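Content type mmCIF, C-alpha atoms, from the file upload_34.cif:
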```
data_structure
loop_
_atom_site.label_atom_id
_atom_site.label_comp_id
_atom_site.auth_asym_id
_atom_site.auth_seq_id
_atom_site.Cartn_x
_atom_site.Cartn_y
_atom_site.Cartn_z
CA MET A 195 -17.19 21.61 0.18
CA LEU A 196 -17.63 19.12 -2.64
CA ARG A 197 -16.04 15.75 -1.92
CA GLU A 198 -13.37 14.81 -4.45
CA PRO A 199 -13.86 11.56 -6.35
CA VAL A 200 -12.26 8.42 -4.90
CA SER A 201 -8.69 8.10 -6.12
CA ARG A 202 -6.63 4.96 -6.52
CA LEU A 203 -4.75 6.05 -3.41
CA ASP A 204 -8.05 6.20 -1.49
CA SER A 205 -9.08 2.75 -2.76
CA PHE A 206 -5.72 1.24 -1.91
CA ILE A 207 -5.79 2.60 1.65
CA ARG A 208 -9.35 1.31 2.12
CA ARG A 209 -8.37 -2.12 0.86
CA LEU A 210 -5.39 -2.34 3.24
CA GLU A 211 -7.48 -1.13 6.17
CA ALA A 212 -10.15 -3.71 5.31
CA GLN A 213 -7.49 -6.42 5.03
CA ARG A 214 -6.07 -5.57 8.42
CA ALA A 215 -9.49 -5.31 10.09
CA CYS A 216 -10.53 -8.68 8.65
CA LEU A 217 -7.31 -10.39 9.76
CA GLU A 218 -7.79 -9.01 13.27
CA MET A 219 -11.44 -10.06 13.42
CA ALA A 220 -10.47 -13.52 12.15
CA ALA A 221 -7.81 -13.75 14.86
CA GLU A 222 -10.48 -13.10 17.48
CA LEU A 223 -12.86 -15.59 15.87
CA VAL A 224 -10.31 -18.40 16.04
CA GLY A 225 -9.05 -17.42 19.48
CA GLY A 226 -10.62 -20.53 21.03
CA LEU A 227 -9.60 -22.95 18.26
CA ASP A 228 -6.36 -24.89 18.17
CA GLY A 229 -4.58 -24.91 14.84
CA ASP A 230 -2.02 -23.37 12.57
CA VAL A 231 -2.10 -20.26 10.40
CA LEU A 232 -1.58 -20.35 6.63
CA GLU A 233 -0.59 -17.38 4.47
CA LEU A 234 -1.29 -18.03 0.78
CA GLY A 235 1.14 -15.82 -1.07
CA LEU A 236 3.93 -14.02 0.75
CA GLY A 237 4.47 -11.07 -1.58
CA ASN A 238 6.44 -8.37 0.22
CA GLY A 239 5.71 -10.05 3.57
CA ARG A 240 3.59 -7.28 5.10
CA THR A 241 0.56 -9.39 5.98
CA TYR A 242 2.81 -12.30 7.00
CA ASP A 243 4.46 -9.94 9.46
CA HIS A 244 1.04 -8.91 10.73
CA LEU A 245 -0.05 -12.54 11.14
CA ARG A 246 3.16 -13.37 13.03
CA ASN A 247 2.35 -10.53 15.41
CA LEU A 248 -1.26 -11.64 15.83
CA PHE A 249 -0.25 -15.27 16.44
CA PRO A 250 3.03 -15.33 18.35
CA ASP A 251 2.22 -18.81 19.70
CA ARG A 252 1.11 -20.51 16.49
CA LYS A 253 2.98 -21.83 13.49
CA VAL A 254 2.44 -19.48 10.53
CA TYR A 255 2.94 -21.50 7.33
CA VAL A 256 3.48 -19.73 4.03
CA CYS A 257 2.91 -20.82 0.43
CA GLU A 258 4.77 -18.82 -2.19
CA ARG A 259 6.13 -19.39 -5.65
CA THR A 260 9.36 -17.44 -5.30
CA ILE A 261 10.49 -15.36 -2.33
CA ALA A 262 10.65 -11.62 -2.95
CA ALA A 263 9.82 -10.35 0.54
CA HIS A 264 11.67 -7.97 2.80
CA PRO A 265 14.53 -9.93 4.45
CA ASP A 266 12.89 -9.51 7.88
CA CYS A 267 9.71 -11.16 6.60
CA ILE A 268 10.97 -14.45 5.20
CA PRO A 269 9.53 -17.46 6.99
CA PRO A 270 11.74 -20.23 8.36
CA ALA A 271 12.35 -22.95 5.76
CA GLY A 272 10.40 -25.46 7.85
CA LEU A 273 7.22 -23.39 7.54
CA LEU A 274 7.51 -22.61 3.84
CA PHE A 275 5.88 -24.42 0.91
CA LEU A 276 7.83 -23.12 -2.04
CA GLY A 277 6.39 -23.45 -5.54
CA ASP A 278 3.15 -23.14 -7.48
CA MET A 279 0.30 -23.30 -4.94
CA ARG A 280 -1.71 -25.57 -7.22
CA GLU A 281 1.02 -28.12 -6.57
CA THR A 282 2.16 -27.26 -3.05
CA LEU A 283 -1.33 -27.12 -1.46
CA PRO A 284 -2.03 -30.80 -2.23
CA MET A 285 1.50 -31.64 -1.03
CA ALA A 286 0.77 -29.81 2.26
CA ARG A 287 -2.10 -32.18 3.15
CA PRO A 288 -0.11 -34.71 5.15
CA ARG A 289 1.03 -31.91 7.43
CA LEU A 290 -1.93 -29.53 7.43
CA SER A 291 -5.19 -31.40 6.65
CA ASP A 292 -7.92 -30.20 9.04
CA ARG A 293 -5.27 -28.34 11.05
CA VAL A 294 -5.46 -24.75 9.78
CA ALA A 295 -7.43 -22.41 12.05
CA LEU A 296 -6.92 -19.33 9.88
CA ALA A 297 -5.96 -19.07 6.22
CA HIS A 298 -5.41 -15.82 4.33
CA LEU A 299 -5.62 -15.68 0.55
CA ASP A 300 -4.62 -12.43 -1.10
CA ALA A 301 -4.79 -13.22 -4.79
CA GLY A 302 -2.87 -10.08 -5.64
CA ASN A 303 -5.10 -8.07 -7.88
CA GLY A 304 -8.06 -9.91 -6.48
CA ASP A 305 -10.59 -7.85 -8.31
CA THR A 306 -9.19 -8.70 -11.73
CA PRO A 307 -10.21 -11.72 -13.83
CA ALA A 308 -6.78 -13.29 -13.25
CA GLY A 309 -7.06 -12.86 -9.48
CA LYS A 310 -10.56 -14.33 -9.44
CA ALA A 311 -9.53 -17.29 -11.60
CA LEU A 312 -6.59 -18.01 -9.29
CA ALA A 313 -8.79 -17.86 -6.20
CA GLU A 314 -11.39 -20.18 -7.78
CA CYS A 315 -8.68 -22.63 -8.63
CA LEU A 316 -7.12 -22.55 -5.15
CA THR A 317 -10.26 -22.58 -2.98
CA PRO A 318 -10.94 -26.36 -3.32
CA LEU A 319 -7.30 -26.95 -2.41
CA ILE A 320 -7.49 -24.72 0.68
CA ILE A 321 -10.72 -26.14 2.13
CA PRO A 322 -9.30 -29.60 3.06
CA LEU A 323 -6.61 -27.89 5.12
CA LEU A 324 -9.07 -25.80 7.16
CA ARG A 325 -10.29 -27.33 10.38
CA LEU A 326 -13.99 -27.25 11.17
CA ASP A 327 -14.91 -23.68 12.28
CA GLY A 328 -11.59 -22.43 10.91
CA VAL A 329 -11.70 -19.07 9.09
CA LEU A 330 -10.66 -18.09 5.58
CA VAL A 331 -9.87 -14.41 4.96
CA SER A 332 -9.85 -13.72 1.25
CA GLU A 333 -9.74 -11.28 -1.54
CA PRO A 334 -11.45 -11.84 -3.89
CA ALA A 335 -14.76 -13.36 -2.80
CA VAL A 336 -14.89 -17.14 -3.25
CA ALA A 337 -17.77 -19.63 -3.17
CA ALA A 338 -17.90 -23.19 -1.90
CA ASP A 339 -20.47 -25.30 -0.03
CA ALA A 340 -18.00 -25.82 2.81
CA LEU A 341 -17.52 -22.07 3.31
CA SER A 342 -20.12 -19.94 5.05
CA PRO A 343 -19.72 -16.16 4.68
CA LEU A 344 -19.19 -14.26 7.93
CA PRO A 345 -20.15 -10.66 8.71
CA LEU A 346 -17.37 -8.14 8.09
CA PRO A 347 -15.90 -5.86 10.76
CA PRO A 348 -17.80 -2.61 11.40
CA GLY A 349 -17.13 0.02 8.76
CA ILE A 350 -15.87 -2.37 6.10
CA GLU A 351 -17.84 -2.22 2.88
CA ALA A 352 -19.28 -5.51 1.57
CA GLY A 353 -16.96 -7.19 -0.93
CA ARG A 354 -13.91 -5.10 -0.12
CA TYR A 355 -12.49 -8.09 1.73
CA ASN A 356 -14.14 -11.39 2.68
CA LEU A 357 -14.43 -13.70 5.69
CA TYR A 358 -15.66 -17.30 5.65
CA ARG A 359 -16.17 -20.01 8.25
CA ARG A 360 -15.37 -23.63 7.34
CA VAL A 361 -18.61 -25.57 7.89
CA ASN A 362 -19.34 -29.26 7.83
CA HIS A 363 -20.84 -29.69 4.41
CA GLN A 364 -22.72 -32.95 3.90
CA PRO A 365 -23.33 -33.66 0.23
CA LEU A 366 -27.00 -34.23 -0.58
CA PRO A 367 -27.91 -37.95 -0.55
CA MET B 104 -5.45 -6.59 26.27
CA LEU B 105 -1.81 -6.20 25.32
CA ARG B 106 -1.30 -4.25 22.13
CA GLU B 107 0.47 -6.25 19.44
CA PRO B 108 3.74 -4.83 18.11
CA VAL B 109 3.57 -2.65 15.00
CA SER B 110 3.72 -4.80 11.87
CA ARG B 111 4.95 -3.84 8.44
CA LEU B 112 1.32 -3.77 7.39
CA ASP B 113 0.58 -1.25 10.16
CA SER B 114 3.56 0.91 9.16
CA PHE B 115 2.63 0.83 5.49
CA ILE B 116 -0.97 1.89 6.19
CA ARG B 117 0.26 4.71 8.43
CA ARG B 118 2.66 5.89 5.75
CA LEU B 119 -0.07 5.96 3.08
CA GLU B 120 -2.49 7.74 5.41
CA ALA B 121 0.21 10.30 6.24
CA GLN B 122 0.97 10.74 2.55
CA ARG B 123 -2.66 11.37 1.71
CA ALA B 124 -3.19 13.72 4.67
CA CYS B 125 -0.10 15.73 3.70
CA LEU B 126 -1.13 15.98 0.04
CA GLU B 127 -4.56 17.22 1.10
CA MET B 128 -3.15 19.74 3.55
CA ALA B 129 -0.73 20.95 0.88
CA ALA B 130 -3.62 21.34 -1.55
CA GLU B 131 -5.36 23.61 0.96
CA LEU B 132 -2.15 25.55 1.62
CA VAL B 133 -1.67 26.37 -2.07
CA GLY B 134 -5.37 27.01 -2.67
CA GLY B 135 -4.73 30.74 -3.14
CA LEU B 136 -1.57 30.38 -5.24
CA ASP B 137 -1.47 30.13 -9.02
CA GLY B 138 0.79 27.46 -10.41
CA ASP B 139 1.21 23.92 -11.62
CA VAL B 140 1.56 20.63 -9.77
CA LEU B 141 4.60 18.37 -10.13
CA GLU B 142 4.70 14.66 -9.25
CA LEU B 143 8.26 13.38 -8.92
CA GLY B 144 8.06 9.69 -9.65
CA LEU B 145 4.89 8.15 -11.05
CA GLY B 146 5.27 4.57 -9.79
CA ASN B 147 1.93 2.80 -10.01
CA GLY B 148 0.15 6.14 -10.41
CA ARG B 149 -1.83 6.11 -7.17
CA THR B 150 -0.69 9.48 -5.84
CA TYR B 151 -0.79 10.95 -9.35
CA ASP B 152 -4.45 9.93 -9.51
CA HIS B 153 -5.01 11.55 -6.11
CA LEU B 154 -3.32 14.77 -7.23
CA ARG B 155 -5.40 14.87 -10.42
CA ASN B 156 -8.51 14.63 -8.26
CA LEU B 157 -7.31 17.32 -5.86
CA PHE B 158 -6.37 19.68 -8.73
CA PRO B 159 -8.86 19.22 -11.56
CA ASP B 160 -8.10 22.74 -12.85
CA ARG B 161 -4.29 22.64 -12.75
CA LYS B 162 -1.70 21.01 -14.94
CA VAL B 163 -0.22 18.01 -13.11
CA TYR B 164 3.27 17.38 -14.55
CA VAL B 165 5.03 14.09 -13.92
CA CYS B 166 8.70 13.12 -13.94
CA GLU B 167 9.39 9.41 -14.31
CA ARG B 168 12.17 7.23 -15.64
CA THR B 169 10.02 4.56 -17.28
CA ILE B 170 6.25 4.26 -17.17
CA ALA B 171 4.93 1.28 -15.21
CA ALA B 172 1.67 2.74 -13.93
CA HIS B 173 -1.87 1.49 -14.23
CA PRO B 174 -3.13 2.38 -17.75
CA ASP B 175 -5.73 4.77 -16.25
CA CYS B 176 -2.96 6.71 -14.47
CA ILE B 177 -0.60 7.57 -17.29
CA PRO B 178 -0.23 11.32 -17.80
CA PRO B 179 -0.69 12.93 -21.20
CA ALA B 180 2.59 13.07 -23.15
CA GLY B 181 2.62 16.87 -22.97
CA LEU B 182 2.79 16.78 -19.16
CA LEU B 183 5.41 14.06 -18.87
CA PHE B 184 9.17 14.45 -18.41
CA LEU B 185 10.45 11.00 -19.23
CA GLY B 186 13.92 9.95 -18.10
CA ASP B 187 16.31 10.21 -15.18
CA MET B 188 15.09 13.07 -12.96
CA ARG B 189 18.64 14.32 -12.48
CA GLU B 190 18.54 15.13 -16.18
CA THR B 191 14.88 15.95 -16.75
CA LEU B 192 14.47 18.39 -13.83
CA PRO B 193 17.07 20.80 -15.26
CA MET B 194 15.45 20.38 -18.68
CA ALA B 195 12.07 21.30 -17.19
CA ARG B 196 13.27 24.75 -16.12
CA PRO B 197 12.24 26.66 -19.25
CA ARG B 198 8.68 25.49 -18.71
CA LEU B 199 8.38 25.27 -14.93
CA SER B 200 10.85 27.64 -13.22
CA ASP B 201 9.07 29.44 -10.37
CA ARG B 202 5.77 28.02 -11.61
CA VAL B 203 5.17 24.96 -9.43
CA ALA B 204 2.74 25.56 -6.56
CA LEU B 205 2.94 22.00 -5.21
CA ALA B 206 5.57 19.33 -5.76
CA HIS B 207 5.45 15.80 -4.37
CA LEU B 208 8.58 13.72 -3.99
CA ASP B 209 8.11 10.10 -2.99
CA ALA B 210 11.61 8.68 -3.16
CA GLY B 211 10.27 5.14 -3.01
CA ASN B 212 11.78 3.58 0.05
CA GLY B 213 12.34 7.03 1.44
CA ASP B 214 13.61 5.81 4.73
CA THR B 215 16.48 3.83 3.21
CA PRO B 216 19.96 5.21 2.48
CA ALA B 217 19.24 4.98 -1.27
CA GLY B 218 15.98 6.92 -0.90
CA LYS B 219 17.65 9.60 1.19
CA ALA B 220 20.56 9.93 -1.24
CA LEU B 221 18.15 10.31 -4.17
CA ALA B 222 16.14 12.97 -2.33
CA GLU B 223 19.29 14.90 -1.41
CA CYS B 224 20.39 14.81 -5.00
CA LEU B 225 17.02 15.96 -6.36
CA THR B 226 16.13 18.67 -3.83
CA PRO B 227 18.40 21.39 -5.33
CA LEU B 228 16.88 20.58 -8.73
CA ILE B 229 13.31 20.85 -7.43
CA ILE B 230 13.69 24.16 -5.57
CA PRO B 231 14.17 26.36 -8.68
CA LEU B 232 10.87 25.07 -10.05
CA LEU B 233 8.87 25.94 -6.92
CA ARG B 234 7.27 29.33 -6.85
CA LEU B 235 7.62 31.48 -3.75
CA ASP B 236 5.27 30.08 -1.05
CA GLY B 237 4.89 26.88 -3.05
CA VAL B 238 4.81 23.65 -1.06
CA LEU B 239 6.97 20.54 -1.29
CA VAL B 240 5.52 17.31 0.11
CA SER B 241 8.26 14.78 0.59
CA GLU B 242 9.37 11.50 1.94
CA PRO B 243 12.11 11.38 3.13
CA ALA B 244 12.86 14.61 5.00
CA VAL B 245 15.05 17.02 3.03
CA ALA B 246 17.00 20.11 4.06
CA ALA B 247 17.67 23.33 2.16
CA ASP B 248 17.86 27.01 3.08
CA ALA B 249 15.04 27.77 0.65
CA LEU B 250 12.71 25.26 2.31
CA SER B 251 10.99 26.00 5.60
CA PRO B 252 9.38 23.01 7.37
CA LEU B 253 5.61 23.26 7.86
CA PRO B 254 3.52 21.68 10.63
CA LEU B 255 2.05 18.30 9.71
CA PRO B 256 -1.67 17.52 9.67
CA PRO B 257 -3.20 16.54 13.02
CA GLY B 258 -2.44 12.97 14.03
CA ILE B 259 0.54 12.54 11.71
CA GLU B 260 3.72 11.59 13.56
CA ALA B 261 6.77 13.81 12.97
CA GLY B 262 8.99 12.47 10.19
CA ARG B 263 6.47 10.02 8.77
CA TYR B 264 5.94 12.42 5.88
CA ASN B 265 7.18 15.99 5.41
CA LEU B 266 5.86 19.38 4.28
CA TYR B 267 7.96 22.42 3.32
CA ARG B 268 7.25 25.96 2.16
CA ARG B 269 9.49 27.55 -0.48
CA VAL B 270 10.87 30.71 1.14
CA ASN B 271 12.88 33.56 -0.28
CA HIS B 272 16.36 32.66 0.80
CA GLN B 273 18.87 35.49 0.57
CA PRO B 274 22.45 34.23 0.73
CA LEU B 275 24.48 35.96 3.44
CA PRO B 276 26.45 38.94 2.11
#
```

Can you present the structure in this file as structure tokens?
Amino acid sequence: MLREPVSRLDSFIRRLEAQRACLEMAAELVGGLDGDVLELGLGNGRTYDHLRNLFPDRKVYVCERTIAAHPDCIPPAGLLFLGDMRETLPMARPRLSDRVALAHLDAGNGDTPAGKALAECLTPLIIPLLRLDGVLVSEPAVAADALSPLPLPPGIEAGRYNLYRRVNHQPLP
Amino acid sequence: MLREPVSRLDSFIRRLEAQRACLEMAAELVGGLDGDVLELGLGNGRTYDHLRNLFPDRKVYVCERTIAAHPDCIPPAGLLFLGDMRETLPMARPRLSDRVALAHLDAGNGDTPAGKALAECLTPLIIPLLRLDGVLVSEPAVAADALSPLPLPPGIEAGRYNLYRRVNHQPLP
């Protein structure tokens, strides 16, 4: 039988499966690291709910512009940075600098120019919050000297979702 | 290792996988039947795109109130019934009565009271369009004498998505 072409439904399911597999691998990778969890963008709250389940004993902070999530998936006010992330991420430094063990950035339509531009803008603001050896899970792909790409979970196609380790980058002398 | 509780991300992935599996099983079930395909609700166009792929040689009609789909997933004007489905389904009868081999009803948040109420309201308007032995794929579950529940694809939990065969219902004398 001829295989049908890949539909948008197929692509969407693959992206969600990749997202979930990467979050779960990241949770294992940071299992031995102290630190908080940071969700960048709450959206409908689905991945926040998943992170809460993966990390019942850690604080899961959330950055979001305006809350539009399912009522069950709204973080406590004390763990919420409400507003434009370009402003709230710098404001989060006193609380979170070098304290985040796992950050998740889902720039919405990550594969679009707008999603990529947002991720490029936010990455330098996320890095100071990550502790050494902390993990960033991201769509789209991002690039920074302090981020070292990690292998993806088995079965996940390169680029569909992305995992990075925060490394100790020493600027060249 | 203890299994984490089911998150909203888990549930959403399961629902989409069930939706896709049911659409594909329905496509096989109607393989030997002439007739058109009817998508009730376009949304972002993901399942419409999947149906187009599954049925390259059939007309895929779409009912939708207002178009908000991805530009690649907007049906040709001649296959679109634009407006409130409670009005457009009766208007579609001259063209589609007893001609639809597969209909798909995704009442959005099908498991909510609003989704169930919408599906209950639409079901009697969908049935006259289905040809005998045609298949309705639906979330939420619906009930009608002219619809006989079909077994779900392997691995799909009962009630997560639903399949029905249009049967020849003779009212009691």

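Residue neighbourhood of range 271-280 of chain A, excluding near-sequence residues (fewer than 3 positions): A:Tyr255, A:Val256, A:Cys257, A:Glu258, A:Arg259, A:Leu283, at 6 Å, using only C-alpha atoms.
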
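Coordinates place CA of Asp137 in chain B at a distance of 29.1 Å from CA of Ser205 in chain A.
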
- Message: I need the contact residues of chain A against chain B, so if you could list those with any atom within 7 Å, counting only C-alpha atoms, and return them as an MDAnalysis selection string, that would help.
- Response: chainID A and resid 198:199 201:203 207 210 240:241 243:244 247:248

- To verify the selection step, state as a VMD selection string which residues the PyMOL selection byres ((chain A and resi 354) around 12) yields on this input. chain A and resid 205 to 216 300 304 to 305 331 to 335 346 to 347 349 to 353 355 to 357

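Straight-line separation from CA of Asn271 in chain B to CA of Gly237 in chain B: 10.8 Å.
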
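For the file at hand, the PyMOL selection byres ((chain A and resi 298) around 6) resolves to Glu233, Leu234, Ala297, Leu299, Leu330, Val331 and Ser332 of chain A.
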
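Comparing B:Leu132, B:Leu145, B:Leu253, B:Val163 by their smallest distance to Arg202 in chain B, the closest is B:Val163 (using all atoms listed in the file).
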
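For the residues B:Arg198, B:Ala130, B:Ala246, B:Asp236, ranking by smallest atom-to-atom distance to Lys219 in chain B using only C-alpha atoms places B:Ala246 first.
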
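CA of Ala220 in chain B lies 26.0 Å from CA of Asp139 in chain B.
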
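Comparing B:Met128, B:Arg269, B:Leu233, B:Gly144 by their smallest distance to Leu221 in chain B, the closest is B:Gly144 (using all atoms listed in the file).
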
- Evaluate the PyMOL selection byres ((chain A and resi 323) around 7) here and jot the selected residues down as an MDAnalysis selection string. chainID A and resid 287 290:294 320:322 324:325
